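So this one's final-v1.cif, mmCIF, C-alpha atoms:
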```cif
data_model
loop_
_atom_site.label_atom_id
_atom_site.label_comp_id
_atom_site.auth_asym_id
_atom_site.auth_seq_id
_atom_site.Cartn_x
_atom_site.Cartn_y
_atom_site.Cartn_z
CA MET A 616 25.67 2.98 98.66
CA ARG A 617 26.75 -0.59 99.36
CA SER A 618 23.52 -2.07 97.98
CA GLU A 619 24.41 -1.57 94.31
CA PRO A 620 27.43 -3.90 94.25
CA MET A 621 25.38 -6.53 96.09
CA VAL A 622 22.62 -6.29 93.48
CA ILE A 623 25.12 -6.63 90.65
CA GLN A 624 26.73 -9.59 92.38
CA ALA A 625 23.35 -11.24 92.75
CA VAL A 626 22.60 -10.70 89.09
CA ARG A 627 25.94 -12.23 88.15
CA VAL A 628 25.11 -15.30 90.20
CA ALA A 629 21.77 -15.54 88.42
CA VAL A 630 23.55 -15.27 85.09
CA ARG A 631 25.89 -18.11 85.93
CA LEU A 632 23.40 -20.49 87.52
CA ALA A 633 19.88 -19.82 86.27
CA PHE A 634 19.84 -17.72 83.12
CA VAL A 635 21.98 -19.96 80.95
CA GLY A 636 19.96 -23.06 81.70
CA ALA A 637 16.66 -21.30 81.14
CA LEU A 638 17.68 -19.97 77.77
CA ILE A 639 19.18 -23.25 76.62
CA ALA A 640 15.95 -25.06 77.38
CA GLY A 641 14.20 -23.25 74.54
CA MET A 642 16.92 -23.10 71.95
CA GLY A 643 15.95 -26.11 69.82
CA LEU A 644 17.98 -29.05 68.59
CA ALA A 645 21.76 -28.98 68.56
CA ALA A 646 23.66 -28.96 65.33
CA GLY A 647 26.38 -31.36 64.40
CA ALA A 648 27.36 -34.24 62.23
CA ALA A 649 24.83 -36.95 61.55
CA GLY A 650 24.92 -40.67 61.89
CA ALA A 651 26.13 -43.27 59.42
CA PRO A 652 27.01 -41.76 56.03
CA LEU A 653 25.58 -43.19 52.85
CA ALA A 654 27.90 -45.39 50.82
CA ALA A 655 29.41 -43.32 48.01
CA ASP A 656 28.78 -46.01 45.40
CA SER A 657 25.05 -46.00 46.22
CA LEU A 658 24.60 -42.30 45.51
CA PRO A 659 23.54 -40.65 42.26
CA ILE A 660 26.44 -38.90 40.50
CA ALA A 661 26.38 -35.42 38.97
CA THR A 662 28.95 -35.34 36.17
CA ASP A 663 28.49 -32.07 34.30
CA ALA A 664 26.55 -28.81 34.18
CA ARG A 665 25.99 -26.22 31.47
CA LEU A 666 24.09 -22.99 30.90
CA GLY A 667 22.21 -21.69 27.91
CA GLY A 668 20.04 -18.70 27.05
CA ASP A 669 20.15 -14.97 27.65
CA GLU A 670 19.11 -12.27 30.14
CA ASN A 671 15.43 -12.98 29.49
CA GLN A 672 15.44 -16.78 29.64
CA THR A 673 18.20 -19.04 30.96
CA ARG A 674 18.44 -22.80 31.29
CA LEU A 675 20.64 -24.83 33.65
CA ILE A 676 21.20 -28.51 32.85
CA VAL A 677 22.93 -30.95 35.21
CA ASP A 678 23.86 -34.43 33.98
CA LEU A 679 23.11 -37.24 36.46
CA SER A 680 23.72 -40.96 36.65
CA ARG A 681 20.05 -41.56 37.42
CA LYS A 682 16.77 -39.75 37.94
CA ILE A 683 16.20 -38.03 41.29
CA ASP A 684 13.57 -35.88 42.99
CA LEU A 685 13.99 -32.15 43.47
CA HIS A 686 12.49 -29.20 45.31
CA VAL A 687 13.09 -25.66 44.05
CA PHE A 688 12.49 -22.31 45.74
CA THR A 689 13.68 -18.71 45.57
CA LEU A 690 15.30 -16.36 48.09
CA ALA A 691 15.74 -12.59 48.03
CA ASP A 692 18.46 -10.16 49.08
CA PRO A 693 20.51 -11.41 47.36
CA TYR A 694 18.41 -12.99 44.62
CA ARG A 695 18.92 -16.75 44.58
CA VAL A 696 17.31 -19.95 43.35
CA VAL A 697 17.85 -23.01 45.53
CA VAL A 698 17.53 -26.57 44.25
CA ASP A 699 17.30 -29.21 46.99
CA ILE A 700 17.99 -32.79 45.88
CA PRO A 701 18.84 -36.11 47.56
CA GLN A 702 22.50 -36.60 48.45
CA VAL A 703 24.57 -36.64 45.28
CA THR A 704 28.23 -37.29 44.57
CA PHE A 705 29.45 -34.28 42.59
CA ARG A 706 32.11 -35.13 40.02
CA MET A 707 31.87 -31.90 38.10
CA PRO A 708 34.53 -30.38 35.84
CA PRO A 709 36.97 -28.00 37.59
CA LYS A 710 35.55 -24.50 38.11
CA ALA A 711 32.02 -25.65 37.27
CA GLY A 712 29.58 -22.92 38.24
CA GLU A 713 32.14 -20.16 38.63
CA THR A 714 31.12 -18.50 35.35
CA GLY A 715 27.53 -17.48 34.67
CA ARG A 716 25.35 -16.72 31.69
CA GLY A 717 22.15 -14.80 31.12
CA LEU A 718 20.16 -14.55 34.37
CA ILE A 719 22.65 -16.69 36.28
CA LYS A 720 25.68 -15.00 37.80
CA ALA A 721 27.20 -18.21 39.20
CA PHE A 722 26.16 -21.38 41.00
CA ARG A 723 27.63 -23.73 43.59
CA PHE A 724 26.76 -27.17 44.83
CA GLY A 725 27.49 -29.57 47.65
CA LEU A 726 26.23 -31.46 50.67
CA VAL A 727 23.94 -29.40 52.88
CA MET A 728 22.93 -32.14 55.32
CA PRO A 729 23.37 -35.91 55.52
CA GLY A 730 21.12 -37.36 52.83
CA GLY A 731 20.62 -34.01 51.11
CA SER A 732 22.55 -31.95 48.57
CA ARG A 733 21.88 -28.46 47.27
CA ILE A 734 22.53 -26.29 44.24
CA VAL A 735 22.48 -22.56 45.00
CA ILE A 736 22.18 -20.25 42.01
CA ASP A 737 23.10 -16.57 42.29
CA LEU A 738 20.94 -14.43 40.00
CA VAL A 739 21.92 -11.30 38.12
CA LYS A 740 18.41 -9.93 38.71
CA PRO A 741 14.98 -11.24 39.78
CA ALA A 742 13.87 -14.33 37.90
CA ARG A 743 10.97 -16.75 38.19
CA ILE A 744 11.16 -20.52 38.02
CA ASP A 745 9.53 -21.37 34.71
CA LYS A 746 10.20 -25.12 34.76
CA ALA A 747 12.10 -27.52 37.01
CA PHE A 748 12.17 -31.22 36.30
CA VAL A 749 14.39 -34.28 35.91
CA ILE A 750 14.28 -36.60 32.90
CA ASP A 751 15.42 -40.20 32.97
CA ALA A 752 18.37 -41.54 31.03
CA ALA A 753 17.50 -42.59 27.50
CA ASP A 754 19.21 -43.52 24.22
CA GLY A 755 22.68 -43.35 25.72
CA ALA A 756 22.11 -39.89 27.21
CA PRO A 757 22.38 -39.39 31.01
CA ALA A 758 19.52 -38.41 33.26
CA ARG A 759 19.21 -34.63 33.36
CA LEU A 760 18.09 -32.02 35.85
CA VAL A 761 16.62 -29.09 33.93
CA LEU A 762 15.89 -25.67 35.39
CA ASP A 763 14.37 -22.92 33.23
CA LEU A 764 14.38 -19.35 34.55
CA ALA A 765 12.59 -16.31 33.13
CA ALA A 766 13.18 -12.65 33.96
CA THR A 767 10.67 -10.95 36.26
CA ASP A 768 10.49 -7.87 38.49
CA ARG A 769 11.16 -7.57 42.21
CA ASP A 770 7.51 -7.33 43.28
CA LYS A 771 6.57 -10.53 41.47
CA PHE A 772 9.72 -12.24 42.74
CA LEU A 773 8.87 -11.41 46.36
CA HIS A 774 5.21 -12.33 45.89
CA LYS A 775 6.24 -15.75 44.63
CA ILE A 776 8.37 -16.31 47.75
CA VAL A 777 5.32 -15.64 49.93
CA LEU A 778 3.21 -18.07 47.89
CA GLU A 779 5.81 -20.80 48.14
CA HIS A 780 5.39 -20.91 51.95
CA GLY A 781 8.91 -22.31 52.17
CA SER A 782 11.42 -20.97 54.64
CA GLY A 783 14.39 -22.31 52.69
CA HIS A 784 16.22 -23.03 55.94
CA ALA A 785 18.91 -25.64 55.95
CA GLN A 786 17.94 -28.09 58.65
CA ALA A 787 20.57 -28.85 61.21
CA PRO A 788 21.73 -32.42 60.81
CA PRO A 789 20.52 -34.66 63.64
CA ARG A 790 23.01 -35.43 66.35
CA GLU A 791 23.00 -38.13 68.94
CA GLN A 792 22.33 -36.72 72.37
CA GLN A 793 25.47 -36.39 74.41
CA SER A 794 25.16 -37.83 77.87
CA SER A 795 26.71 -35.75 80.63
CA SER A 796 25.37 -37.71 83.59
CA GLY A 797 28.02 -37.88 86.27
CA ASP A 798 30.63 -36.27 84.01
CA ALA A 799 31.80 -32.98 85.49
CA ARG A 800 34.63 -32.45 83.01
CA PRO A 801 34.60 -29.13 81.14
CA VAL A 802 33.14 -29.26 77.64
CA ILE A 803 35.14 -27.88 74.71
CA VAL A 804 33.37 -27.34 71.39
CA LEU A 805 35.55 -27.25 68.28
CA ASP A 806 33.93 -25.68 65.24
CA PRO A 807 35.55 -26.52 61.89
CA GLY A 808 34.39 -23.66 59.67
CA HIS A 809 32.33 -24.04 56.51
CA GLY A 810 31.49 -27.55 55.22
CA GLY A 811 29.30 -29.15 52.61
CA ILE A 812 28.15 -26.69 49.99
CA ASP A 813 30.13 -23.93 51.70
CA THR A 814 33.73 -24.74 50.76
CA GLY A 815 35.27 -21.63 52.29
CA THR A 816 38.36 -20.27 50.57
CA LYS A 817 40.32 -22.26 48.00
CA GLY A 818 44.05 -22.58 47.44
CA PRO A 819 45.67 -22.24 44.01
CA ASN A 820 45.70 -26.02 43.55
CA GLY A 821 42.16 -26.58 44.74
CA GLN A 822 42.91 -27.00 48.45
CA MET A 823 39.67 -26.24 50.27
CA GLU A 824 39.46 -24.47 53.60
CA LYS A 825 36.66 -26.74 54.79
CA ASP A 826 38.93 -29.79 54.45
CA ILE A 827 41.97 -28.15 56.05
CA VAL A 828 40.10 -26.99 59.14
CA LEU A 829 38.19 -30.25 59.60
CA ASP A 830 41.44 -32.21 59.58
CA PHE A 831 42.96 -29.80 62.10
CA ALA A 832 39.90 -29.96 64.37
CA LYS A 833 40.02 -33.75 64.44
CA ARG A 834 43.72 -33.73 65.30
CA LEU A 835 43.09 -31.21 68.07
CA GLU A 836 40.16 -33.24 69.37
CA GLU A 837 42.35 -36.33 69.61
CA LYS A 838 45.10 -34.47 71.46
CA ILE A 839 42.73 -32.86 73.96
CA GLU A 840 40.93 -36.13 74.68
CA ALA A 841 44.23 -37.94 75.21
CA GLY A 842 44.63 -36.11 78.53
CA GLY A 843 41.23 -37.33 79.73
CA LYS A 844 40.41 -34.05 81.49
CA TYR A 845 37.87 -32.64 79.04
CA ARG A 846 34.94 -33.66 76.87
CA VAL A 847 35.34 -32.53 73.27
CA LEU A 848 32.48 -32.06 70.80
CA LEU A 849 32.65 -31.01 67.15
CA THR A 850 29.96 -28.98 65.41
CA ARG A 851 30.63 -31.15 62.36
CA SER A 852 32.76 -34.26 61.98
CA ASP A 853 32.30 -34.70 58.24
CA ASP A 854 31.70 -32.66 55.10
CA THR A 855 28.34 -31.30 56.26
CA PHE A 856 27.05 -27.74 56.19
CA VAL A 857 25.91 -26.39 59.57
CA PRO A 858 24.23 -22.94 59.76
CA LEU A 859 26.04 -20.37 61.91
CA ALA A 860 23.23 -20.03 64.44
CA GLU A 861 23.13 -23.80 64.92
CA ARG A 862 26.85 -23.85 65.73
CA VAL A 863 26.26 -21.31 68.50
CA ARG A 864 23.19 -23.14 69.79
CA PHE A 865 25.07 -26.41 69.89
CA ALA A 866 27.80 -24.92 72.06
CA ARG A 867 25.27 -23.41 74.44
CA GLU A 868 23.18 -26.56 74.75
CA ALA A 869 26.32 -28.58 75.41
CA GLY A 870 27.16 -26.22 78.29
CA ALA A 871 30.50 -25.49 76.67
CA GLY A 872 33.23 -23.88 78.72
CA LEU A 873 35.05 -22.89 75.52
CA PHE A 874 34.11 -22.56 71.85
CA MET A 875 36.88 -22.50 69.26
CA SER A 876 35.97 -21.85 65.61
CA ILE A 877 38.73 -22.85 63.18
CA HIS A 878 39.32 -21.22 59.79
CA ALA A 879 42.01 -20.52 57.18
CA ASP A 880 41.60 -17.14 55.50
CA SER A 881 42.37 -15.88 52.01
CA LEU A 882 43.28 -12.36 50.96
CA PRO A 883 42.42 -11.08 47.47
CA ARG A 884 45.56 -10.38 45.46
CA ARG A 885 44.63 -6.72 45.04
CA GLU A 886 44.74 -6.29 48.84
CA GLY A 887 48.36 -7.36 49.15
CA ASP A 888 49.86 -10.32 50.96
CA ALA A 889 49.07 -11.25 54.56
CA GLN A 890 50.46 -14.19 56.48
CA GLY A 891 50.39 -15.88 59.85
CA ALA A 892 47.85 -17.10 62.37
CA THR A 893 45.37 -14.73 64.01
CA VAL A 894 42.99 -15.19 66.95
CA TYR A 895 39.75 -13.19 66.89
CA THR A 896 37.34 -12.33 69.69
CA LEU A 897 33.89 -10.75 69.40
CA SER A 898 33.46 -7.00 69.13
CA GLU A 899 30.89 -4.85 67.38
CA THR A 900 33.74 -2.52 66.42
CA ALA A 901 36.34 -4.27 64.29
CA THR A 902 40.00 -3.84 65.11
CA ASP A 903 40.74 -2.73 61.54
CA PRO A 904 39.20 -2.86 58.03
CA ALA A 905 40.75 -6.27 57.36
CA ALA A 906 39.06 -7.74 60.45
CA ALA A 907 35.74 -6.19 59.42
CA ARG A 908 36.11 -7.65 55.92
CA LEU A 909 36.84 -11.09 57.28
CA ALA A 910 33.86 -11.00 59.66
CA GLU A 911 31.58 -9.93 56.83
CA GLN A 912 32.94 -12.73 54.66
CA GLU A 913 32.52 -15.41 57.34
CA ASN A 914 29.05 -14.14 58.27
CA ARG A 915 27.89 -14.82 54.69
CA ALA A 916 28.20 -18.59 55.16
CA ASP A 917 24.43 -19.06 55.49
CA VAL A 918 23.78 -16.94 52.40
CA ILE A 919 26.30 -19.01 50.45
CA ALA A 920 24.45 -22.19 51.40
CA GLY A 921 21.05 -20.79 50.48
CA VAL A 922 19.72 -20.31 54.00
CA ASP A 923 16.98 -17.73 54.42
CA LEU A 924 17.98 -15.51 57.33
CA LYS A 925 14.86 -13.38 57.68
CA ASP A 926 13.24 -15.64 60.26
CA GLN A 927 16.34 -16.26 62.36
CA PRO A 928 15.44 -15.47 65.98
CA GLU A 929 17.60 -13.02 67.86
CA ASP A 930 18.82 -13.87 71.33
CA VAL A 931 16.82 -12.42 74.18
CA ALA A 932 18.08 -8.95 74.99
CA GLY A 933 18.46 -7.34 78.39
CA ILE A 934 20.74 -6.58 81.27
CA LEU A 935 21.40 -10.23 82.08
CA ILE A 936 22.79 -10.96 78.63
CA ASP A 937 24.77 -7.73 78.71
CA LEU A 938 26.41 -8.70 81.99
CA ALA A 939 27.03 -12.24 80.82
CA GLN A 940 28.66 -10.97 77.65
CA ARG A 941 30.99 -8.68 79.59
CA GLU A 942 32.29 -11.58 81.64
CA THR A 943 32.38 -13.90 78.62
CA LYS A 944 34.38 -11.40 76.56
CA THR A 945 36.91 -11.15 79.37
CA PHE A 946 37.36 -14.93 79.43
CA SER A 947 37.52 -15.02 75.62
CA LEU A 948 40.32 -12.48 75.58
CA GLN A 949 42.19 -14.34 78.32
CA PHE A 950 42.14 -17.50 76.23
CA ALA A 951 43.09 -15.60 73.06
CA ASN A 952 46.17 -14.19 74.79
CA ARG A 953 47.18 -17.59 76.11
CA LEU A 954 46.65 -19.26 72.72
CA VAL A 955 48.80 -16.70 70.91
CA ALA A 956 51.55 -17.00 73.54
CA VAL A 957 51.73 -20.75 73.02
CA MET A 958 51.19 -20.85 69.25
CA LYS A 959 54.09 -18.51 68.57
CA ARG A 960 56.44 -21.36 69.52
CA THR A 961 55.27 -23.53 66.62
CA ALA A 962 53.41 -21.36 64.11
CA ARG A 963 54.09 -18.11 62.36
CA LEU A 964 51.76 -15.40 63.66
CA HIS A 965 50.20 -12.44 61.91
CA LYS A 966 51.84 -9.09 62.71
CA GLU A 967 48.71 -8.32 64.77
CA PRO A 968 47.89 -11.76 66.16
CA ILE A 969 44.91 -10.76 68.31
CA LYS A 970 42.00 -8.92 66.70
CA SER A 971 38.26 -8.54 67.14
CA ALA A 972 35.24 -8.15 64.87
CA GLY A 973 31.52 -8.93 64.73
CA PHE A 974 31.57 -12.66 63.92
CA ARG A 975 28.11 -14.22 64.24
CA VAL A 976 29.59 -17.54 65.30
CA LEU A 977 31.12 -15.92 68.43
CA ARG A 978 27.86 -14.42 69.72
CA ALA A 979 26.98 -16.88 72.49
CA PRO A 980 26.58 -14.59 75.51
CA ASP A 981 27.63 -17.26 77.99
CA VAL A 982 30.36 -19.28 76.24
CA PRO A 983 33.92 -17.91 75.95
CA SER A 984 34.57 -18.02 72.21
CA VAL A 985 37.38 -17.34 69.77
CA LEU A 986 37.82 -17.70 66.04
CA VAL A 987 41.27 -18.95 65.01
CA GLU A 988 42.58 -18.22 61.54
CA LEU A 989 45.36 -20.78 61.15
CA GLY A 990 46.88 -18.88 58.25
CA TYR A 991 46.22 -17.58 54.76
CA VAL A 992 45.71 -20.08 51.94
CA SER A 993 46.46 -17.16 49.61
CA ASN A 994 50.01 -16.99 50.98
CA LYS A 995 52.45 -19.55 49.56
CA GLU A 996 54.34 -20.19 52.80
CA ASP A 997 51.19 -20.34 54.92
CA LEU A 998 49.58 -22.77 52.50
CA GLN A 999 52.67 -24.96 52.65
CA SER A 1000 52.33 -25.07 56.44
CA LEU A 1001 48.59 -25.66 56.36
CA SER A 1002 49.12 -28.59 53.98
CA SER A 1003 51.80 -30.16 56.19
CA ASP A 1004 50.88 -33.03 58.52
CA SER A 1005 53.82 -32.13 60.75
CA TRP A 1006 52.75 -28.48 61.02
CA ARG A 1007 49.15 -29.40 61.80
CA ASP A 1008 50.28 -31.83 64.50
CA HIS A 1009 52.64 -29.36 66.18
CA THR A 1010 50.09 -26.54 66.01
CA ALA A 1011 47.36 -28.80 67.40
CA ASP A 1012 49.72 -29.71 70.24
CA ALA A 1013 50.21 -26.01 70.96
CA ALA A 1014 46.47 -25.33 70.90
CA ALA A 1015 45.80 -28.27 73.22
CA SER A 1016 48.44 -26.95 75.62
CA ALA A 1017 46.84 -23.48 75.58
CA ILE A 1018 43.41 -24.96 76.28
CA ASP A 1019 44.74 -26.97 79.20
CA GLY A 1020 46.53 -23.92 80.61
CA TYR A 1021 43.41 -21.78 80.27
CA PHE A 1022 41.17 -24.24 82.09
CA SER A 1023 43.76 -24.94 84.78
CA THR A 1024 43.92 -21.23 85.60
CA HIS A 1025 40.19 -20.71 85.16
CA LEU A 1026 39.16 -23.62 87.37
CA ALA A 1027 41.74 -22.74 90.00
CA GLY A 1028 40.32 -19.23 90.15
CA ALA A 1029 36.78 -20.57 90.44
CA ARG A 1030 37.76 -22.86 93.33
CA ALA A 1031 39.52 -20.00 95.11
CA GLY A 1032 36.45 -17.80 94.72
CA ALA A 1033 34.20 -20.50 96.14
CA ASN A 1034 36.28 -20.85 99.33
#
```
Could you spell out this file's structure in structure tokens?
Amino acid sequence: MRSEPMVIQAVRVAVRLAFVGALIAGMGLAAGAAGAPLAADSLPIATDARLGGDENQTRLIVDLSRKIDLHVFTLADPYRVVVDIPQVTFRMPPKAGETGRGLIKAFRFGLVMPGGSRIVIDLVKPARIDKAFVIDAADGAPARLVLDLAATDRDKFLHKIVLEHGSGHAQAPPREQQSSSGDARPVIVLDPGHGGIDTGTKGPNGQMEKDIVLDFAKRLEEKIEAGGKYRVLLTRSDDTFVPLAERVRFAREAGAGLFMSIHADSLPRREGDAQGATVYTLSETATDPAAARLAEQENRADVIAGVDLKDQPEDVAGILIDLAQRETKTFSLQFANRLVAVMKRTARLHKEPIKSAGFRVLRAPDVPSVLVELGYVSNKEDLQSLSSDSWRDHTADAAASAIDGYFSTHLAGARAGAN
């Protein structure tokens, strides 16, 4: 009867020492921010967009400062048309793309990788790409991107996708390889949510979640690194879109001891008013409907950016991953508890500050991970805090303190177990 615990212990050792490295070896390139950004004044500028037509034929026109190349493809479930173009500076009118016409429900635009921008068009129903071209400026008129769509049926729409032979995947921006030779310090990966074409939620005065969380992540990075005890990596360090799976892969390939995804939620007015910071851990069963709604919303990031998810590989399944996840979830919850205990000194917390739900970005089986909602941009007082340099600094201090406390306890326990 004593053999079973020994077998489980052996498996756990394999999980910690062999399994992680073997899986990471085949995971592909890490995601993250790219190298030197292009100078803004050297980029084409998109200044306006308008729609015309009806439910049978619809045209989208985008005004540009100069002619550019484009690549157009379609995606299903939901029906979308994606227009990939070189990196563009978007100086569109406020609320451009929020209202549709004809076959187009709405459209959004933004940076999807360094050197590349994207326009993602949500369709009311299946439509085929009739024409897609760019005309040069002439006779005082700007250059124009023109996209003509025509109604079709689902079978023809799907058949066209097969013929296009395009995956539609957003490519992870290249990242310089991080050297870990001789550096035994724990690695912390900070994940500013959203980015690029995926703006996240928006405040009443146009404050964008992607900007708020990136600023906070950089402040937290600086405070953690000041102690010199940890290496800190960011999944993005600029306004770049990074697919959810690439964020997870990056943390695993970096050998992260902690992954912290940073967000700022918004609650629809019809659902009442929520306020305060919340820390989420991974669970297939959400703590409550609000947690389930948030996870569903955050898990749509790739869809928002026009990423085709049908070919996304699933992690290898089996008893090793199951055991690794059990231990990882325990560590994740330990950090969540510590973070809440420290943050309550400087930040207002949600009435239920620790929750769980099925966030895709927390699914690394071997990296303790949490998702931190700093507050609700839909709440006036929370938004005031989120917009405050002083609040961000104090809250970043608290988070850095919680991280240090977590690793101090964790590493002390590991040393005691090794003796």
### Task
Mind checking which residues fall within 12 Å of Ser732 of chain A, counting all atoms listed in the file, ignoring those fewer than 5 positions away in the same chain, and posting them as a count of residues only?
33
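Atom CA of Pro708 of chain A is found 22.6 Å from atom CA of Ala753 of chain A.
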### Message
Measuring between only C-alpha atoms, which one of A:Thr893, A:Thr767, A:Ser881, A:Thr714 shows the shortest distance to Arg963 of chain A?
### Response
A:Thr893
### Query
Using all atoms listed in the file, which residues sit within 12 Å of Lys817 of chain A once same-chain residues fewer than 3 positions away are excluded, as a PyMOL selection string?
chain A and resi 710+809+813-814+820-827+878-883+991-994+998
Take the selection from the previous step and output its residues with C-alpha atoms, as a PDB file, keeping the file's coordinate frame.
```pdb
ATOM      1  CA  LYS A 710      35.550 -24.500  38.110  1.00  0.00           C
ATOM      2  CA  HIS A 809      32.330 -24.040  56.510  1.00  0.00           C
ATOM      3  CA  ASP A 813      30.130 -23.930  51.700  1.00  0.00           C
ATOM      4  CA  THR A 814      33.730 -24.740  50.760  1.00  0.00           C
ATOM      5  CA  ASN A 820      45.700 -26.020  43.550  1.00  0.00           C
ATOM      6  CA  GLY A 821      42.160 -26.580  44.740  1.00  0.00           C
ATOM      7  CA  GLN A 822      42.910 -27.000  48.450  1.00  0.00           C
ATOM      8  CA  MET A 823      39.670 -26.240  50.270  1.00  0.00           C
ATOM      9  CA  GLU A 824      39.460 -24.470  53.600  1.00  0.00           C
ATOM     10  CA  LYS A 825      36.660 -26.740  54.790  1.00  0.00           C
ATOM     11  CA  ASP A 826      38.930 -29.790  54.450  1.00  0.00           C
ATOM     12  CA  ILE A 827      41.970 -28.150  56.050  1.00  0.00           C
ATOM     13  CA  HIS A 878      39.320 -21.220  59.790  1.00  0.00           C
ATOM     14  CA  ALA A 879      42.010 -20.520  57.180  1.00  0.00           C
ATOM     15  CA  ASP A 880      41.600 -17.140  55.500  1.00  0.00           C
ATOM     16  CA  SER A 881      42.370 -15.880  52.010  1.00  0.00           C
ATOM     17  CA  LEU A 882      43.280 -12.360  50.960  1.00  0.00           C
ATOM     18  CA  PRO A 883      42.420 -11.080  47.470  1.00  0.00           C
ATOM     19  CA  TYR A 991      46.220 -17.580  54.760  1.00  0.00           C
ATOM     20  CA  VAL A 992      45.710 -20.080  51.940  1.00  0.00           C
ATOM     21  CA  SER A 993      46.460 -17.160  49.610  1.00  0.00           C
ATOM     22  CA  ASN A 994      50.010 -16.990  50.980  1.00  0.00           C
ATOM     23  CA  LEU A 998      49.580 -22.770  52.500  1.00  0.00           C
TER      24      LEU A 998
END
```
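Across the model, the gap from atom CA of Arg674 of chain A to atom CA of Pro757 of chain A is 17.1 Å.
Compared by their closest atoms to Val894 of chain A, and using all atoms listed in the file, the residues A:Val802, A:Val987, A:Ala747, A:Leu675 rank with A:Val987 nearest.
Considering the residues A:Val922, A:Ala841, A:Arg1007, A:Leu954 and counting all atoms listed in the file, Leu690 of chain A has its shortest atom-to-atom contact with A:Val922.
One distance worth recording is that between atom CA of Pro968 of chain A and atom CA of Val955 of chain A, which is 6.9 Å.
Take the candidates A:Arg846, A:Asp754, A:Asp1012, A:Glu837 and check each one against Asp798 of chain A using only C-alpha atoms; the shortest distance goes to A:Arg846.
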### Query
Pick from A:Ile750, A:Ile839, A:Ala889, A:Leu848: nearest to Glu996 of chain A, with all atoms listed in the file counted?
A:Ala889
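Of the listed residues A:Pro980, A:Gly891, A:Pro801, A:Gly973, the one whose atoms come nearest to Ala906 of chain A is A:Gly973, with distances taken using all atoms listed in the file.
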